[in-house]
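J.: This is the structure I want to talk about, given as structure tokens.
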Amino acid sequence: MAGRVQGKVAIVTGAGSGGAGIGNGKAAAILLAREGAKVVLVDLNRNAAEETQAIISAEGGESIVCVADVSSARACDAIVATTTKAFGTVDILHNNVGIEEAGGLEDTSEESWDRTLAVNLKSMFLMCRAAAGPMKAQRSGAIVNISSINAIRTLPAISLAYGVSKAGVIAFTREVAVEFAATGIRANSILPGMMQTPFVVTSLTEAYGGDISAMTSQRDALCPTGKQGEGWDVANLALFLASDEAKYITGAAVIVDGAQTCRI
Ligand code: NAP
């Protein structure tokens with residue numbers, strides 16, 4: 001049976017995980033490959049991307065690793081050039097890279113603000129701009145941009161720059177969706193809630209007092225289901241939005257949070 005994205009070419013940014021386990025980008029890359037896509041695994045960290053590649057290869061999938069920093073325009077252009085050279089086109093662009101440096105107005109440095117906006121928001125502009133050419137040429141493409149419920153709600157670990165960058169991702173995605181709707185290119189954003197991923201351990205342990213298991217219990221308790229989600233929950237939606245099953249869904253901002261935003 002053909003996979004849900006059989007024969008498509010997908011770029012996943014942040015396709016490794018910033019620690020042991022399965023993050024959102026790693027899960028999305030594995031699912032896209034499992035469903036038949038050829039996947040370009042973009043990451044700053046070669047080892048992390050190669051770990052994802054090993055999982056994909058063990059399942060019989062096809063992928064290449066591309067080490068790059070998606071906050072650089074030249075790197076984003078090079079990622080798309082590498083992709084079209086290897087696989088002929090780009091059908092799916094999954095913009096997953098994001099960093100979080102917790103802090104409010106008075107304890108966010110100018111450097112942290114600039115870095116967060118560059119890595120979380122400018123990167124999406126640069127990657128979409130680079131991929132628009134091949135997508136327009138074939139009159140089809142699916143873009144999935146990872147935002148956060150922090151774009152629409154303030155969470156316990158106050159992250160001013162992060163929340164602003166993720167709100168920008170929703171607006172950016174909406175603008176692109178409308179601009180390109182008649183060209184066959186779709187763009188949607190996903191707003192994950194509290195997910196138990198390596199990203200959280202790396203980014204937020206300090207903001208929760210330095211104790212990982214206490215942080216996990218606190219975050220679980222904040223979720224109406226009593227449990228955080230996992231990378232696969234975000235990846236399953238990303239796969240659907242990237243597939244032709246979602247052919248009339250564009251400009252949407254979809255929440256995956258176990259009803260958390262319903263309560264806060
Ligand atoms: P992750 O494990 O932290 O990151 C995936 C990979 O991205 C890491 O290997 C990281 O490398 C790499 N990376 C970081 N900056 C990069 C850059 N400038 N260029 C290329 N690669 C870069 O994260 P994830 O679990 O895949 O997903 C994180 C995404 O989900 C973010 O957009 C985040 O905002 C969003 N999100 C997460 C949650 C949650 O609760 N987990 C909730 C809402 C939204 P290094 O490790 O070397 O930095």
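Going through the structure tokens in order, the chains are called A, B, and so on, while each chain numbers its residues from 1 and the ligands are numbered from 1 in the order shown.
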Using only C-alpha atoms and all ligand atoms, what are the residues with an atom within 7 Å of ligand 1, set out as number ranges by chain?
T.: A: 13-19, 23-26, 42-45, 48-49, 68-71, 96-100, 119-120, 146-149, 191-200, 231
J.: So that I can check the surroundings of A:Pro224, please list as a list in words every protein, DNA and RNA residue that reaches within 7 Å of it, counting only C-alpha atoms and ignoring chain neighbours fewer than 6 positions away.
T.: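 My reading of the contact set: Gly258, Ala259 and Gln260 of chain A.
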J.: For those residues, write N, CA, C and O atoms to a file as a CSV table (one decimal), in the first residue's frame.
T.:
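And here is the file that came out, result_9.csv:
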chain,number,residue,atom,x,y,z
A,258,GLY,N,-4.2,18.8,24.3
A,258,GLY,CA,-5.0,18.1,25.3
A,258,GLY,C,-5.9,19.0,26.1
A,258,GLY,O,-6.1,18.8,27.3
A,259,ALA,N,-6.5,20.0,25.4
A,259,ALA,CA,-7.5,20.9,26.0
A,259,ALA,C,-6.9,22.0,27.0
A,259,ALA,O,-7.6,22.6,27.7
A,260,GLN,N,-5.6,22.1,27.0
A,260,GLN,CA,-5.0,23.0,27.9
A,260,GLN,C,-5.4,24.5,27.7
A,260,GLN,O,-5.8,25.2,28.7
J.: Excluding A:Val90 and its own-chain neighbours fewer than 5 positions away, which residues fall within 8 Å of it when counting only C-alpha atoms? Please give them as a PDB file with N, CA, C and O atoms, in the first residue's frame.
T.:
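The result, written out as selection.pdb:
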ATOM      1  N   LYS A   8       6.919  11.866  -2.154  1.00  0.00           N
ATOM      2  CA  LYS A   8       7.108  13.315  -1.953  1.00  0.00           C
ATOM      3  C   LYS A   8       8.503  13.569  -1.378  1.00  0.00           C
ATOM      4  O   LYS A   8       9.113  12.693  -0.756  1.00  0.00           O
ATOM      5  N   VAL A   9       8.956  14.794  -1.580  1.00  0.00           N
ATOM      6  CA  VAL A   9      10.256  15.199  -1.040  1.00  0.00           C
ATOM      7  C   VAL A   9       9.994  16.186   0.098  1.00  0.00           C
ATOM      8  O   VAL A   9       9.315  17.207  -0.106  1.00  0.00           O
ATOM      9  N   ALA A  10      10.513  15.867   1.273  1.00  0.00           N
ATOM     10  CA  ALA A  10      10.226  16.691   2.456  1.00  0.00           C
ATOM     11  C   ALA A  10      11.519  17.220   3.068  1.00  0.00           C
ATOM     12  O   ALA A  10      12.507  16.489   3.185  1.00  0.00           O
ATOM     13  N   ILE A  11      11.480  18.478   3.473  1.00  0.00           N
ATOM     14  CA  ILE A  11      12.566  19.050   4.289  1.00  0.00           C
ATOM     15  C   ILE A  11      12.028  19.188   5.710  1.00  0.00           C
ATOM     16  O   ILE A  11      10.943  19.752   5.910  1.00  0.00           O
ATOM     17  N   VAL A  80      17.741  24.226   0.243  1.00  0.00           N
ATOM     18  CA  VAL A  80      16.802  23.959  -0.861  1.00  0.00           C
ATOM     19  C   VAL A  80      17.574  23.506  -2.104  1.00  0.00           C
ATOM     20  O   VAL A  80      17.148  22.571  -2.809  1.00  0.00           O
ATOM     21  N   THR A  83      18.492  19.959  -1.664  1.00  0.00           N
ATOM     22  CA  THR A  83      17.302  19.107  -1.784  1.00  0.00           C
ATOM     23  C   THR A  83      16.941  18.885  -3.249  1.00  0.00           C
ATOM     24  O   THR A  83      16.698  17.741  -3.676  1.00  0.00           O
ATOM     25  N   THR A  84      16.902  19.961  -4.023  1.00  0.00           N
ATOM     26  CA  THR A  84      16.496  19.805  -5.431  1.00  0.00           C
ATOM     27  C   THR A  84      17.567  19.029  -6.200  1.00  0.00           C
ATOM     28  O   THR A  84      17.252  18.270  -7.108  1.00  0.00           O
ATOM     29  N   ALA A 131      12.046  27.876  -0.542  1.00  0.00           N
ATOM     30  CA  ALA A 131      11.308  26.728  -1.100  1.00  0.00           C
ATOM     31  C   ALA A 131      10.183  27.155  -2.041  1.00  0.00           C
ATOM     32  O   ALA A 131       9.646  26.322  -2.789  1.00  0.00           O
ATOM     33  N   PRO A 134      10.688  26.271  -6.214  1.00  0.00           N
ATOM     34  CA  PRO A 134      10.329  24.942  -6.709  1.00  0.00           C
ATOM     35  C   PRO A 134       8.871  24.569  -6.482  1.00  0.00           C
ATOM     36  O   PRO A 134       8.244  23.914  -7.320  1.00  0.00           O
ATOM     37  N   MET A 135       8.291  25.028  -5.389  1.00  0.00           N
ATOM     38  CA  MET A 135       6.871  24.703  -5.148  1.00  0.00           C
ATOM     39  C   MET A 135       5.977  25.404  -6.168  1.00  0.00           C
ATOM     40  O   MET A 135       5.038  24.820  -6.693  1.00  0.00           O
ATOM     41  N   GLY A 141       2.639  22.397  -3.009  1.00  0.00           N
ATOM     42  CA  GLY A 141       3.582  22.388  -1.899  1.00  0.00           C
ATOM     43  C   GLY A 141       2.812  22.464  -0.599  1.00  0.00           C
ATOM     44  O   GLY A 141       1.701  23.002  -0.554  1.00  0.00           O
TER      45      GLY A 141
END
J.: Each residue of stretch 135-187 of chain A with at least one atom at most 7 Å from stretch 232-245 of chain A should appear once, together with its nearest atom pair and the corresponding distance in Å (one decimal); atoms considered: only C-alpha atoms; ordering: chain, then increasing residue number; output as JSON lines.
T.:
{"residue": "A:Ala142", "atom": "CA", "partner": "A:Ala242", "partner_atom": "CA", "distance": 5.3}
{"residue": "A:Ile143", "atom": "CA", "partner": "A:Ala242", "partner_atom": "CA", "distance": 6.9}
{"residue": "A:Val144", "atom": "CA", "partner": "A:Ala238", "partner_atom": "CA", "distance": 6.5}
J.: Can you spit out the residues from that selection as a compact mmCIF listing (two decimals), in the first residue's frame, using all heavy atoms?
T.:
# COMPACT_ATOMS: atom_id res chain seq x y z
N ALA A 142 3.38 21.90 0.45
CA ALA A 142 2.74 21.95 1.77
C ALA A 142 3.78 22.41 2.78
O ALA A 142 4.83 21.79 2.94
CB ALA A 142 2.18 20.59 2.15
N ILE A 143 3.45 23.52 3.46
CA ILE A 143 4.35 24.08 4.48
C ILE A 143 3.69 23.89 5.84
O ILE A 143 2.50 24.18 6.00
CB ILE A 143 4.59 25.59 4.21
CG1 ILE A 143 5.32 25.79 2.88
CG2 ILE A 143 5.36 26.22 5.36
CD1 ILE A 143 5.27 27.22 2.37
N VAL A 144 4.46 23.38 6.80
CA VAL A 144 3.97 23.24 8.17
C VAL A 144 4.96 23.97 9.08
O VAL A 144 6.15 23.65 9.09
CB VAL A 144 3.87 21.75 8.58
CG1 VAL A 144 3.42 21.64 10.04
CG2 VAL A 144 2.90 20.99 7.67
J.: Find the residue from A:Ile64, A:Ile185, A:Cys76, A:Ala157 that sits nearest to A:Glu101; use only C-alpha atoms when measuring.
T.: A:Ala157
J.: I need the residues in stretch 8-186 of chain A that are alpha helix (DSSP H) according to DSSP; give them as a PyMOL selection string.
T.: chain A and resi 24-34+46-58+73-87+110-117+123-138+160-180
J.: Using only C-alpha atoms for the distances, tell me which of A:Gly184, A:Gly209, A:Gly21, A:Gly61 is nearest to A:Tyr248.
T.: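 Of A:Gly184, A:Gly209, A:Gly21, A:Gly61, the one nearest A:Tyr248 is A:Gly184, counting only C-alpha atoms.
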